[in-house]
Structure formats: C-alpha cells, structure tokens
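Trainee: Quick one: the structure is below, and I'll ask about it shortly.
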Amino acid sequence: MESISRCIYPAYSLAISNRAIKKINQVNFNYIWRKKTHYIKKTVLAKKYEDGGLEAIDFDYMNGTLKINWLKSFLNTNNLWFHIPRQIFKMLGGIEFLLRCDFLIQKLPIKLSLFHQQVLLYWKLLYNHNFTPHNSPIWNNRYITVRNKSLFYKEWLDKGIWSPVHLVDNTGQFLSYNDFCLKYGYFTNVKTFKLVTKAIPDSILHLIKGIVTTSTNFTYPQLPLILIGDCNFREIPIQNKTIRYLFIHILFPFQSYKNCILNFFPKDTVPLLRVQYLKFPIPPKMKEIHYRTFNGIYPSNDFLHQRFGFETNCCSFCNTDIETTDHLFFHCNFSSTFWQDVFK
C-alpha cells in the first residue's frame, strides 16, 4: 500500500497525531472496500485469518510497533544518535528505570517531546503492569506527587532508595530524619525529606504497614522486570509480528465478528475453516466471495433488503423463498440440483 509505505519513514522519528492516524486508516480501508460500504469493522479485519480477520494494517498499531522498536534500540545501544534523549531521560533516572515506574506522562517533572510522549504511551499499553505497594517505585509515580508533579531525586536513587519500604521502620511508620540519615549514611535536606514523606498517600502507607507488620513471607522490594507479554524486553529479541499481535490483542480484545460459521461448526474447527481456503489454487475474487460468505456479508437479496432497504428479498432463481445466503447456495431447488450433479 503506497499510502502506508509513505507514512512509515516519518513515523520512525515523528509523533503521528490521532487525526493523521484516523485519516491514514480511512484511506487504507476505503481502498480495501473500494470506496464502498464497510460491511465489517476494521477492528475485525485487523485480526488474524484464523480469528476471522484479513490481517489488514491498522496504522495505529503499526505506528506503535515502530515506536516500540525505537525504544528497544534506545535501550540496547549506545549509538551517538541517542545522546540527546539519553541526557533527557537521565533527569528521570534513565529510560530503563522510567519504564519500571508507574508514571503518568502529564505528571512527569520534565516536559517531553511529542515523539517521546507517544513512545511512552505505546509502552504503557504493552507493559505487563504488576505494581505492588512495596515494589512500585516512589520516583516518577503518578500517585506520589507535589503540586501535581511526580518526584525524582537522583541522589536518593543512587543510595538505593526507591521504594516506600525504604522509608519506614519495622512497625510501618516513617523513619525520623535522623534515623533515615543514619541508616543510609546520606544527609539530605530536612525540607526535601519531609517533602517526600508527605507526598506518599496515607493509603499506600497503610498498605506498606500491613505488609511489613503482618506478612510472614515478606521479601525485600525488587524493581519489576521489563516484560512485554511473556518476553523480557531488554534481553529477548521480539519480532515485529509479535509486537503487532500484542497490540491487536490489547486494542481489539473482543471476539471477532459473530456469524453463521460459529453456529454450524465446533469452535475448535472454525480457525481451520477460516484459513484453509487461502491455500486453494483459485482466483482472488473467489477467495473474496468465500470470505464474504462465511462472514455473513454476501450480497444476497435478503441481506440487501435488511441493510439497504431493497424492495424485494425473494430468491432470484425460484422466486418463492427468501434469498438468504444459505438458501442461495444450498437450499434453493436450483442449487440443490447443482450440488447433486456435482457429487454424482
């Protein structure tokens, strides 16, 4: 698709607005339907063949795939091209630390470019969130804010102070300023210490207190892994196809278009029926008819009558029964005669 290929290169380095994504998808899917009525939602067409789709390209998740690939390159290389974003994200503890935080872009203490904002938004969609009160960092945390901005102090993180557990004693109460300085050998400003402790909501403190005082299997906090699906994003190579299917699963989690094929065949055999015809040595037009048929959008008279208000829905051959897709292909007297001759 020329419309898609022309947009891929800019998407590597620019943020693509929702308006532009919508327009690109409109051009793409109008081409698929030849600028006629869209009988099936794009959310269904984007799914796999075995799920009832056509693996059509939705530019939203394609843009997301490109942004995630940029993020992976940023994490795993020290290329000169990443020097500027590396310096920017250092103000938040580095990109690897930020990805482990429960952040909200609008509450981060620095202003990010639209491109970096979009990268982080797509990351939030894919990242397997498993935040617990004691493992969730207090830095860049959307719930721990001062003047509606999250906090980050590099000196504290360098001392290994990043969890609410690091700020409480064995009873779940906040350490005093003197005890804090004695424990970590770090003499921070009293004002800064009070600022951080007061920013932590009481609800989080109560949860920490319950974990510290009552849990028999309490483990010291560890930073969460950077996982996408079941894959370690930092260590395991992830193919574009995998990222794409993850986006489809997240953006379109519902069941594909419900149609008659699910009513007549067992659920475990339906995926095979949806892909088997693609291997047949028949023209693309025949495959299109096959797809329309088992998705219940073949333009039979009854379908046109219900969808567009055509006057008649009688069968074009027998002129007696209603012309549904099933009747047209199988139950009409003329169709039955045809199939009997075929299987003689």
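The chains in the structure tokens are called A, B, ... from first to last as shown; in each chain the residues are counted from 1, and the ligands are counted from 1 in the order shown.
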Can you pull out the residues contacting Phe280 in chain A? Cut-off 12 Å, using only C-alpha atoms, and skip same-chain residues under 6 positions away; I want them as an MDAnalysis selection string.
Mentor: chainID A and resid 286:287 290
Trainee: Show me, as a PyMOL selection string, the residues that have an atom within 10 Å of range 316-325 of chain A when counting only C-alpha atoms, minus same-chain residues fewer than 4 positions from it.
Mentor: chain A and resi 292-294+296-305+312+329-335
Trainee: Using the selection just defined, write its residues with C-alpha atoms as an mmCIF file, in the first residue's frame.
Mentor:
data_model
loop_
_atom_site.group_PDB
_atom_site.id
_atom_site.type_symbol
_atom_site.label_atom_id
_atom_site.label_comp_id
_atom_site.auth_asym_id
_atom_site.auth_seq_id
_atom_site.Cartn_x
_atom_site.Cartn_y
_atom_site.Cartn_z
ATOM 1 C CA ARG A 292 -17.908 -12.733 2.397
ATOM 2 C CA THR A 293 -19.946 -15.926 2.602
ATOM 3 C CA PHE A 294 -18.717 -17.254 5.918
ATOM 4 C CA GLY A 296 -22.456 -13.326 6.503
ATOM 5 C CA ILE A 297 -21.977 -10.306 4.223
ATOM 6 C CA TYR A 298 -22.568 -11.893 0.818
ATOM 7 C CA PRO A 299 -24.964 -9.541 -1.097
ATOM 8 C CA SER A 300 -27.970 -11.843 -1.197
ATOM 9 C CA ASN A 301 -31.390 -10.252 -1.682
ATOM 10 C CA ASP A 302 -32.286 -10.681 1.977
ATOM 11 C CA PHE A 303 -29.026 -9.040 3.074
ATOM 12 C CA LEU A 304 -29.581 -6.092 0.709
ATOM 13 C CA HIS A 305 -33.189 -5.814 1.864
ATOM 14 C CA THR A 312 -37.693 -7.456 -2.619
ATOM 15 C CA PHE A 329 -26.011 -21.553 -2.180
ATOM 16 C CA PHE A 330 -27.591 -24.691 -0.712
ATOM 17 C CA HIS A 331 -31.346 -24.831 -0.091
ATOM 18 C CA CYS A 332 -32.775 -23.428 -3.305
ATOM 19 C CA ASN A 333 -34.112 -26.126 -5.655
ATOM 20 C CA PHE A 334 -31.753 -24.985 -8.388
ATOM 21 C CA SER A 335 -28.769 -25.000 -6.013
#
Trainee: Calculated over only C-alpha atoms, which of the candidates A:Tyr9, A:Phe193, A:Phe89, A:Phe29 has the smallest distance to Lys111 in chain A?
Mentor: A:Phe89
Trainee: So that I can check the surroundings of Leu223 in chain A, please list as a list of chain:residue names every protein, DNA and RNA residue that reaches within 8 Å of it, counting only C-alpha atoms and ignoring chain neighbours fewer than 3 positions away.
Mentor: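 Returned residues: A:Arg100, A:Asn135, A:Ser136, A:Pro137.
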Trainee: Just C-alpha atoms for this one: save the residues we selected as a PDB file, in the first residue's frame.
Mentor:
ATOM      1  CA  ARG A 100       9.722   0.249  35.502  1.00  0.00           C
ATOM      2  CA  ASN A 135       7.760  -2.954  44.641  1.00  0.00           C
ATOM      3  CA  SER A 136       6.393   0.177  42.995  1.00  0.00           C
ATOM      4  CA  PRO A 137       8.997   2.983  42.859  1.00  0.00           C
TER       5      PRO A 137
END
Trainee: Could you pull the residues within 12 Å of Ile4 in chain A, counting only C-alpha atoms, minus those fewer than 6 positions along the same chain, as a list in words?
Mentor: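 Listing them by chain and then by number gives Pro10, Ala11, Ala20, Ile21, Lys23, Ile24, Asn25, Gln26, Val27, Asn28, Phe29, Tyr31, Ala56, Ile57, Asp58, Phe59, Asp60, Met62 and Asn63 of chain A.
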Trainee: Write out as a PDB file with C-alpha atoms, in the first residue's frame each polymer residue whose atoms come within 9 Å of range 269-278 of chain A, counting only C-alpha atoms; drop sequence neighbours fewer than 6 positions from it.
Mentor:
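Okay, this is what ended up in selection-v3.pdb:
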ATOM      1  CA  TYR A  49      -7.087 -15.087   9.477  1.00  0.00           C
ATOM      2  CA  GLU A  50      -7.938 -17.807  11.990  1.00  0.00           C
ATOM      3  CA  ASP A  51      -9.761 -15.211  14.106  1.00  0.00           C
ATOM      4  CA  GLY A  52     -11.934 -14.122  11.207  1.00  0.00           C
ATOM      5  CA  GLY A  53      -9.816 -11.192  10.023  1.00  0.00           C
ATOM      6  CA  ILE A 261     -19.969 -20.179  10.753  1.00  0.00           C
ATOM      7  CA  LEU A 262     -19.824 -20.229  14.556  1.00  0.00           C
ATOM      8  CA  LYS A 287     -11.458 -16.167  -2.151  1.00  0.00           C
ATOM      9  CA  HIS A 290     -15.639 -17.229   0.240  1.00  0.00           C
ATOM     10  CA  TYR A 291     -14.695 -14.684   2.912  1.00  0.00           C
ATOM     11  CA  PHE A 294     -18.717 -17.254   5.918  1.00  0.00           C
TER      12      PHE A 294
END
Trainee: Name all residues at most 9 Å from Tyr153 in chain A (count only C-alpha atoms; drop same-chain ones fewer than 4 positions away) and give them as number ranges by chain.
Mentor: A: 91-93, 139, 157-158
Trainee: Mind dumping the selected residues with C-alpha atoms as a CSV table (one decimal), in the first residue's frame?
Mentor:
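The resulting file, selection.csv, is reproduced below:
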chain,number,residue,atom,x,y,z
A,91,MET,CA,16.7,13.6,34.6
A,92,LEU,CA,14.1,10.8,35.4
A,93,GLY,CA,16.7,8.1,36.3
A,139,TRP,CA,10.0,8.1,41.8
A,157,LEU,CA,18.2,6.5,43.9
A,158,ASP,CA,22.0,6.2,43.9
